[in-house]
>>> print(open('data20.txt').read())   # compact mmCIF, C-alpha atoms and all ligand atoms
# COMPACT_ATOMS: atom_id res chain seq x y z
CA ILE A 3 24.19 6.31 -13.50
CA SER A 4 21.81 3.42 -13.21
CA CYS A 5 20.64 1.39 -16.15
CA THR A 6 17.16 2.42 -17.27
CA HIS A 7 14.78 -0.27 -16.03
CA LYS A 8 13.19 -1.16 -19.34
CA ASN A 9 10.04 -3.21 -19.49
CA ARG A 10 12.11 -6.36 -19.07
CA TYR A 11 11.17 -6.24 -15.37
CA ALA A 12 7.47 -5.94 -16.21
CA SER A 13 6.65 -9.63 -16.34
CA LEU A 14 8.98 -11.21 -13.79
CA HIS A 15 8.19 -14.45 -11.93
CA PRO A 16 7.00 -13.64 -8.36
CA LEU A 17 10.34 -14.87 -7.03
CA TRP A 18 12.15 -12.00 -8.72
CA GLN A 19 9.36 -9.37 -8.78
CA SER A 20 10.14 -7.24 -5.75
CA PRO A 21 13.87 -6.60 -5.88
CA ILE A 22 14.12 -8.47 -2.58
CA THR A 23 16.56 -6.50 -0.51
CA ILE A 24 18.39 -8.63 2.03
CA PRO A 25 18.28 -6.82 5.39
CA GLY A 26 21.79 -5.34 5.67
CA GLY A 27 22.69 -6.76 2.23
CA SER A 28 25.86 -4.99 1.11
CA ARG A 29 27.11 -7.33 -1.62
CA GLN A 30 24.11 -8.48 -3.67
CA SER A 31 24.11 -9.76 -7.28
CA PRO A 32 23.66 -9.20 -10.18
CA ILE A 33 25.22 -5.80 -10.90
CA ASN A 34 25.92 -3.64 -13.91
CA ILE A 35 29.64 -3.82 -14.72
CA GLN A 36 30.72 -0.29 -15.77
CA TRP A 37 33.78 -1.15 -17.89
CA ARG A 38 35.54 2.18 -17.26
CA ASP A 39 35.08 1.88 -13.46
CA SER A 40 36.66 -1.60 -13.33
CA VAL A 41 40.24 -1.66 -12.04
CA TYR A 42 42.95 -3.77 -13.76
CA ASP A 43 44.64 -5.95 -11.11
CA PRO A 44 48.04 -7.24 -12.36
CA HIS A 45 48.16 -9.69 -9.43
CA LEU A 46 45.14 -11.62 -10.74
CA LYS A 47 46.29 -15.02 -12.03
CA PRO A 48 44.91 -16.82 -15.08
CA LEU A 49 41.88 -18.90 -14.16
CA GLU A 50 42.59 -22.64 -14.37
CA ILE A 51 39.68 -24.86 -15.43
CA ARG A 52 40.10 -28.62 -14.90
CA TYR A 53 36.80 -30.41 -15.59
CA ASP A 54 36.45 -34.21 -15.92
CA PRO A 55 33.46 -35.00 -18.24
CA ASP A 56 32.88 -38.26 -16.32
CA THR A 57 31.76 -36.30 -13.22
CA CYS A 58 28.57 -35.25 -15.04
CA LEU A 59 25.49 -36.80 -13.36
CA HIS A 60 22.15 -35.52 -14.71
CA MET A 61 20.12 -32.52 -15.81
CA TRP A 62 16.91 -31.40 -14.06
CA ASN A 63 14.28 -28.68 -13.91
CA ASN A 64 14.24 -27.20 -10.39
CA GLY A 65 11.39 -24.78 -11.06
CA TYR A 66 13.72 -21.78 -11.44
CA SER A 67 16.08 -22.92 -14.22
CA PHE A 68 17.53 -26.16 -15.59
CA LEU A 69 20.67 -27.43 -13.92
CA VAL A 70 23.38 -29.88 -14.96
CA GLU A 71 24.81 -31.40 -11.76
CA PHE A 72 28.19 -32.98 -11.15
CA GLU A 73 29.61 -35.59 -8.80
CA ASP A 74 31.54 -33.47 -6.26
CA SER A 75 32.90 -35.98 -3.73
CA THR A 76 36.47 -35.48 -5.09
CA ASP A 77 38.51 -32.69 -6.70
CA LYS A 78 38.04 -34.27 -10.16
CA SER A 79 36.37 -31.16 -11.62
CA ILE A 80 37.75 -27.94 -10.17
CA ILE A 81 38.73 -24.37 -10.91
CA THR A 82 41.69 -22.66 -9.26
CA GLY A 83 43.91 -19.59 -9.77
CA GLY A 84 42.28 -16.36 -10.95
CA PRO A 85 41.11 -14.44 -7.85
CA LEU A 86 40.78 -17.70 -5.88
CA GLU A 87 42.95 -18.74 -2.92
CA ASN A 88 41.88 -22.39 -3.06
CA ASN A 89 40.46 -25.14 -5.28
CA TYR A 90 36.73 -24.83 -5.94
CA ARG A 91 34.76 -27.93 -6.97
CA LEU A 92 32.18 -27.83 -9.80
CA LYS A 93 28.73 -28.56 -8.33
CA GLN A 94 26.32 -27.49 -11.10
CA PHE A 95 25.70 -25.08 -13.93
CA HIS A 96 22.44 -23.41 -14.94
CA PHE A 97 21.17 -20.54 -17.10
CA HIS A 98 19.03 -17.38 -16.91
CA TRP A 99 17.17 -16.13 -20.01
CA GLY A 100 14.39 -13.86 -21.31
CA ALA A 101 11.02 -14.35 -22.98
CA VAL A 102 12.63 -12.68 -26.02
CA SER A 103 16.27 -12.28 -27.03
CA ASP A 104 16.24 -8.53 -26.23
CA TRP A 105 16.96 -9.37 -22.59
CA GLY A 106 17.63 -12.33 -20.27
CA SER A 107 21.05 -11.95 -18.64
CA GLU A 108 21.46 -11.08 -14.94
CA HIS A 109 24.69 -9.08 -15.13
CA THR A 110 25.02 -6.29 -17.67
CA VAL A 111 28.12 -4.58 -19.13
CA ASP A 112 27.81 -0.81 -19.54
CA CYS A 113 24.04 -1.47 -19.26
CA LYS A 114 24.14 -3.87 -22.21
CA VAL A 115 21.81 -6.82 -21.61
CA PHE A 116 22.45 -10.21 -23.24
CA PRO A 117 19.80 -12.79 -24.25
CA ALA A 118 21.00 -15.25 -21.59
CA GLU A 119 23.68 -15.94 -18.97
CA LEU A 120 25.35 -19.21 -17.88
CA HIS A 121 26.41 -19.73 -14.24
CA LEU A 122 28.96 -22.44 -13.37
CA VAL A 123 28.72 -22.92 -9.59
CA HIS A 124 31.74 -24.14 -7.56
CA TRP A 125 32.41 -24.51 -3.81
CA ASN A 126 35.61 -24.16 -1.75
CA SER A 127 36.58 -27.79 -1.11
CA CYS A 128 39.73 -26.82 0.78
CA LYS A 129 37.84 -25.00 3.55
CA PHE A 130 34.43 -26.71 3.64
CA GLY A 131 33.07 -30.25 3.58
CA SER A 132 30.10 -29.74 1.27
CA PHE A 133 28.38 -27.30 -1.07
CA GLU A 134 25.57 -26.78 1.47
CA GLU A 135 28.11 -25.76 4.13
CA ALA A 136 30.12 -23.52 1.76
CA LEU A 137 26.90 -21.83 0.55
CA MET A 138 26.59 -19.93 3.84
CA GLU A 139 30.24 -18.91 4.19
CA GLU A 140 32.09 -15.84 2.94
CA ASN A 141 34.10 -16.91 -0.13
CA GLY A 142 32.45 -20.32 0.08
CA LEU A 143 31.40 -20.23 -3.59
CA ALA A 144 32.92 -19.19 -6.90
CA VAL A 145 30.58 -18.72 -9.86
CA ILE A 146 31.77 -18.22 -13.44
CA GLY A 147 29.28 -16.12 -15.43
CA VAL A 148 29.28 -16.43 -19.23
CA PHE A 149 27.11 -14.22 -21.45
CA LEU A 150 25.24 -15.85 -24.35
CA LYS A 151 24.75 -13.78 -27.54
CA LEU A 152 22.89 -14.56 -30.76
CA GLY A 153 25.04 -16.04 -33.51
CA ALA A 154 26.03 -19.48 -34.73
CA ASN A 155 24.52 -22.66 -33.31
CA HIS A 156 26.53 -23.90 -30.31
CA GLY A 157 27.38 -27.59 -30.87
CA GLY A 158 28.23 -28.41 -27.24
CA LEU A 159 25.08 -26.70 -25.93
CA GLN A 160 22.99 -28.58 -28.51
CA LYS A 161 23.57 -31.86 -26.61
CA LEU A 162 21.75 -30.30 -23.63
CA VAL A 163 19.10 -28.59 -25.79
CA ASP A 164 18.20 -31.98 -27.34
CA ALA A 165 17.42 -33.32 -23.84
CA LEU A 166 15.40 -30.30 -22.60
CA PRO A 167 11.99 -31.57 -23.82
CA SER A 168 12.41 -34.53 -21.44
CA ILE A 169 12.61 -32.15 -18.42
CA LYS A 170 9.83 -29.76 -19.46
CA TYR A 171 8.12 -29.97 -16.07
CA LYS A 172 9.40 -28.83 -12.65
CA ASP A 173 11.24 -31.63 -10.75
CA SER A 174 11.77 -33.77 -13.87
CA LEU A 175 15.28 -35.22 -14.39
CA VAL A 176 17.25 -36.88 -17.16
CA GLU A 177 20.52 -38.81 -16.84
CA LEU A 178 23.44 -37.42 -18.86
CA GLU A 179 26.40 -39.44 -19.97
CA GLU A 180 29.66 -37.50 -19.96
CA PHE A 181 29.52 -33.74 -20.64
CA ASP A 182 32.56 -31.44 -20.77
CA ALA A 183 31.34 -28.15 -19.27
CA SER A 184 34.50 -26.38 -20.50
CA CYS A 185 33.00 -26.45 -24.03
CA LEU A 186 30.64 -23.70 -22.80
CA LEU A 187 33.49 -21.31 -21.94
CA PRO A 188 34.85 -18.73 -24.39
CA SER A 189 38.51 -19.25 -25.38
CA CYS A 190 39.44 -15.68 -24.32
CA PRO A 191 40.88 -15.74 -20.76
CA ASP A 192 39.74 -12.19 -19.85
CA TYR A 193 37.32 -11.73 -16.92
CA TRP A 194 35.99 -9.29 -14.34
CA THR A 195 35.71 -10.34 -10.70
CA TYR A 196 33.80 -8.95 -7.70
CA SER A 197 32.29 -10.09 -4.38
CA GLY A 198 28.57 -10.83 -4.56
CA SER A 199 25.74 -13.21 -3.83
CA LEU A 200 23.48 -15.93 -5.16
CA THR A 201 20.78 -14.41 -7.37
CA THR A 202 18.15 -16.90 -6.18
CA PRO A 203 17.07 -17.59 -2.59
CA PRO A 204 18.75 -17.76 -0.11
CA LEU A 205 20.66 -14.90 -1.86
CA SER A 206 23.67 -15.74 0.35
CA GLU A 207 26.56 -13.24 0.17
CA SER A 208 29.11 -16.02 -0.33
CA VAL A 209 30.05 -15.73 -4.01
CA THR A 210 33.29 -14.70 -5.69
CA TRP A 211 31.93 -13.83 -9.15
CA ILE A 212 34.13 -14.35 -12.21
CA ILE A 213 32.38 -12.79 -15.23
CA LYS A 214 33.94 -13.65 -18.62
CA LYS A 215 34.50 -10.63 -20.87
CA LYS A 216 33.71 -12.56 -24.11
CA ALA A 217 30.27 -14.04 -24.77
CA ILE A 218 29.63 -17.43 -26.37
CA GLU A 219 27.37 -17.65 -29.45
CA VAL A 220 24.10 -19.60 -29.54
CA ASP A 221 21.30 -19.43 -32.12
CA GLU A 222 17.67 -18.37 -31.73
CA ASP A 223 16.38 -21.95 -32.11
CA GLN A 224 18.42 -23.02 -29.09
CA LEU A 225 17.03 -20.18 -26.93
CA GLU A 226 13.52 -21.04 -28.13
CA VAL A 227 13.96 -24.52 -26.65
CA PHE A 228 14.97 -22.94 -23.27
CA ARG A 229 11.67 -21.01 -23.44
CA MET A 230 9.65 -24.18 -23.90
CA LEU A 231 10.54 -25.30 -20.35
CA LEU A 232 7.96 -24.72 -17.59
CA PHE A 233 8.23 -23.26 -14.08
CA THR A 234 5.31 -25.54 -13.23
CA SER A 235 4.86 -29.27 -12.61
CA ALA A 236 2.68 -31.54 -14.75
CA GLU A 237 -0.37 -31.04 -12.47
CA GLU A 238 -0.29 -27.20 -12.37
CA ASP A 239 -1.45 -24.60 -14.91
CA GLU A 240 1.42 -24.18 -17.36
CA LYS A 241 3.75 -21.20 -16.82
CA ARG A 242 6.59 -20.92 -19.37
CA MET A 243 10.05 -20.72 -17.82
CA VAL A 244 11.20 -17.32 -19.11
CA ASP A 245 12.55 -14.09 -17.54
CA ASN A 246 14.14 -16.08 -14.70
CA PHE A 247 16.68 -13.33 -13.94
CA ARG A 248 16.97 -11.13 -10.86
CA PRO A 249 16.87 -7.33 -11.25
CA LEU A 250 20.14 -5.38 -10.98
CA GLN A 251 21.33 -4.71 -7.42
CA PRO A 252 23.21 -1.64 -6.11
CA ILE A 253 27.01 -1.93 -6.31
CA MET A 254 27.33 -0.27 -2.87
CA ASP A 255 30.95 -0.02 -1.70
CA ARG A 256 32.40 -2.53 -4.19
CA THR A 257 35.09 -2.40 -6.88
CA VAL A 258 35.04 -4.66 -9.92
CA ARG A 259 38.55 -5.82 -10.86
CA SER A 260 39.60 -6.86 -14.38
CA SER A 261 42.21 -9.46 -15.35
CA PHE A 262 42.98 -7.46 -18.50
CA GLN A 263 44.01 -3.91 -19.40
O1 LIG B 1 21.59 -17.74 -9.76
S1 LIG B 1 22.98 -17.75 -9.23
C1 LIG B 1 23.09 -19.14 -8.25
C2 LIG B 1 22.04 -20.00 -8.03
C3 LIG B 1 22.20 -21.14 -7.25
C4 LIG B 1 23.43 -21.42 -6.71
O2 LIG B 1 23.61 -22.53 -5.95
C5 LIG B 1 24.48 -20.56 -6.92
C6 LIG B 1 24.29 -19.42 -7.69
O3 LIG B 1 25.31 -18.55 -7.91
ZN ZN B 2 22.42 -18.24 -11.64
>>> encode(input="data20.txt", output="structure tokens")
Amino acid sequence: ISCTHKNRYASLHPLWQSPITIPGGSRQSPINIQWRDSVYDPHLKPLEIRYDPDTCLHMWNNGYSFLVEFEDSTDKSIITGGPLENNYRLKQFHFHWGAVSDWGSEHTVDCKVFPAELHLVHWNSCKFGSFEEALMEENGLAVIGVFLKLGANHGGLQKLVDALPSIKYKDSLVELEEFDASCLLPSCPDYWTYSGSLTTPPLSESVTWIIKKKAIEVDEDQLEVFRMLLFTSAEEDEKRMVDNFRPLQPIMDRTVRSSFQ
């Protein structure tokens, strides 16, 4: 069964309008995760997260989302274990969200859509020399996806939310002193994992996705600040940065594994 394409695709940014199909694309993201079709893999290890808050550099609006970027010239902030063969270095994290809290996530679980989704992007520093090189290689990247659901205010996220007005326009940037990205992860270790792609151009099929089973809670006021950002620069006609998610892609010949029974 496919998830009914509700009107959440009605007003997408041109980038995501036509579900761009990559010629010969066989492992595109995002996908719907059908819980009952996922296969428990007892060989999956616990994911190890080792982030150093001092590697945080800045936050900027790249015209698709807002990103927090990290200094990645050493293995100071890495993930390892889980489905991964090597260490993967934290490069950046960013979010996808909707114009309203009825939709916004890229992945879905049993067709359930969340108001937003966090992506923590890492690259294989054992096999490649840079993020840009790893981006084009099979298993070059590992991205942790975390669903955001409506609930209590998220204290760690609030530090970023407070700085968002200063990067309202495309290509604006603000320095950040230390930020511990692990505060954005749920405490539950459970995850699904599958082979996929970037969800923004160049849509490279180089991503080992690690989707956390548990969502983190944020409140409506925090999402409202996300929605105040603009896709556009100061000189252009204002376009609010909302609905920056890619439509669901076919699972093709892929299996989603779970780290839990
Ligand atoms: O939207 S997903 C995504 C975007 C940029 C990137 O460098 C990696 C990613 O997984
Ligand atoms: Zn993303």
>>> closest_residue(input="data20.txt", among="A:Leu232, A:Val258, A:Ile146, A:Leu178", to="ligand LIG 1 (chain B)", atoms="all atoms listed in the file")
A:Ile146
>>> residues_near_ligand(input="data20.txt", ligand="ligand ZN 2 (chain B)", cutoff="8 Å", atoms="all atoms listed in the file", output="list of chain:residue names")
A:Phe95, A:His96, A:Phe97, A:His98, A:Glu108, A:Glu119, A:Leu120, A:His121, A:Leu122, A:Leu200, A:Thr201, A:Thr202, A:Phe247
>>> closest_residue(input="data20.txt", among="A:His15, A:Arg256, A:Lys214, A:Lys93", to="ligand LIG 1 (chain B)", atoms="only C-alpha atoms and all ligand atoms")
A:Lys93
>>> residues_around(input="data20.txt", residues="Val220 of chain A", least_positions_apart="6", cutoff="9 Å", atoms="all atoms listed in the file", output="PyMOL selection string")
chain A and resi 150-157+159
>>> closest_residue(input="data20.txt", among="A:Ala183, A:Val176, A:Val148, A:Ile218", to="ligand LIG 1 (chain B)", atoms="all atoms listed in the file")
A:Val148
>>> closest_residue(input="data20.txt", among="A:Leu175, A:Val70, A:Gly158, A:Ser107", to="Leu250 of chain A", atoms="all atoms listed in the file")
A:Ser107
>>> residues_near_point(input="data20.txt", point="(43.7, -20.9, -15.1)", cutoff="8 Å", atoms="only C-alpha atoms", output="ChimeraX atom specification")
/A:47-51,81-84
>>> write_last_selection(input="data20.txt", atoms="C-alpha atoms", output="PDB file, in the frame of the given file")
ATOM      1  CA  LYS A  47      46.290 -15.020 -12.030  1.00  0.00           C
ATOM      2  CA  PRO A  48      44.910 -16.820 -15.080  1.00  0.00           C
ATOM      3  CA  LEU A  49      41.880 -18.900 -14.160  1.00  0.00           C
ATOM      4  CA  GLU A  50      42.590 -22.640 -14.370  1.00  0.00           C
ATOM      5  CA  ILE A  51      39.680 -24.860 -15.430  1.00  0.00           C
ATOM      6  CA  ILE A  81      38.730 -24.370 -10.910  1.00  0.00           C
ATOM      7  CA  THR A  82      41.690 -22.660  -9.260  1.00  0.00           C
ATOM      8  CA  GLY A  83      43.910 -19.590  -9.770  1.00  0.00           C
ATOM      9  CA  GLY A  84      42.280 -16.360 -10.950  1.00  0.00           C
TER      10      GLY A  84
END
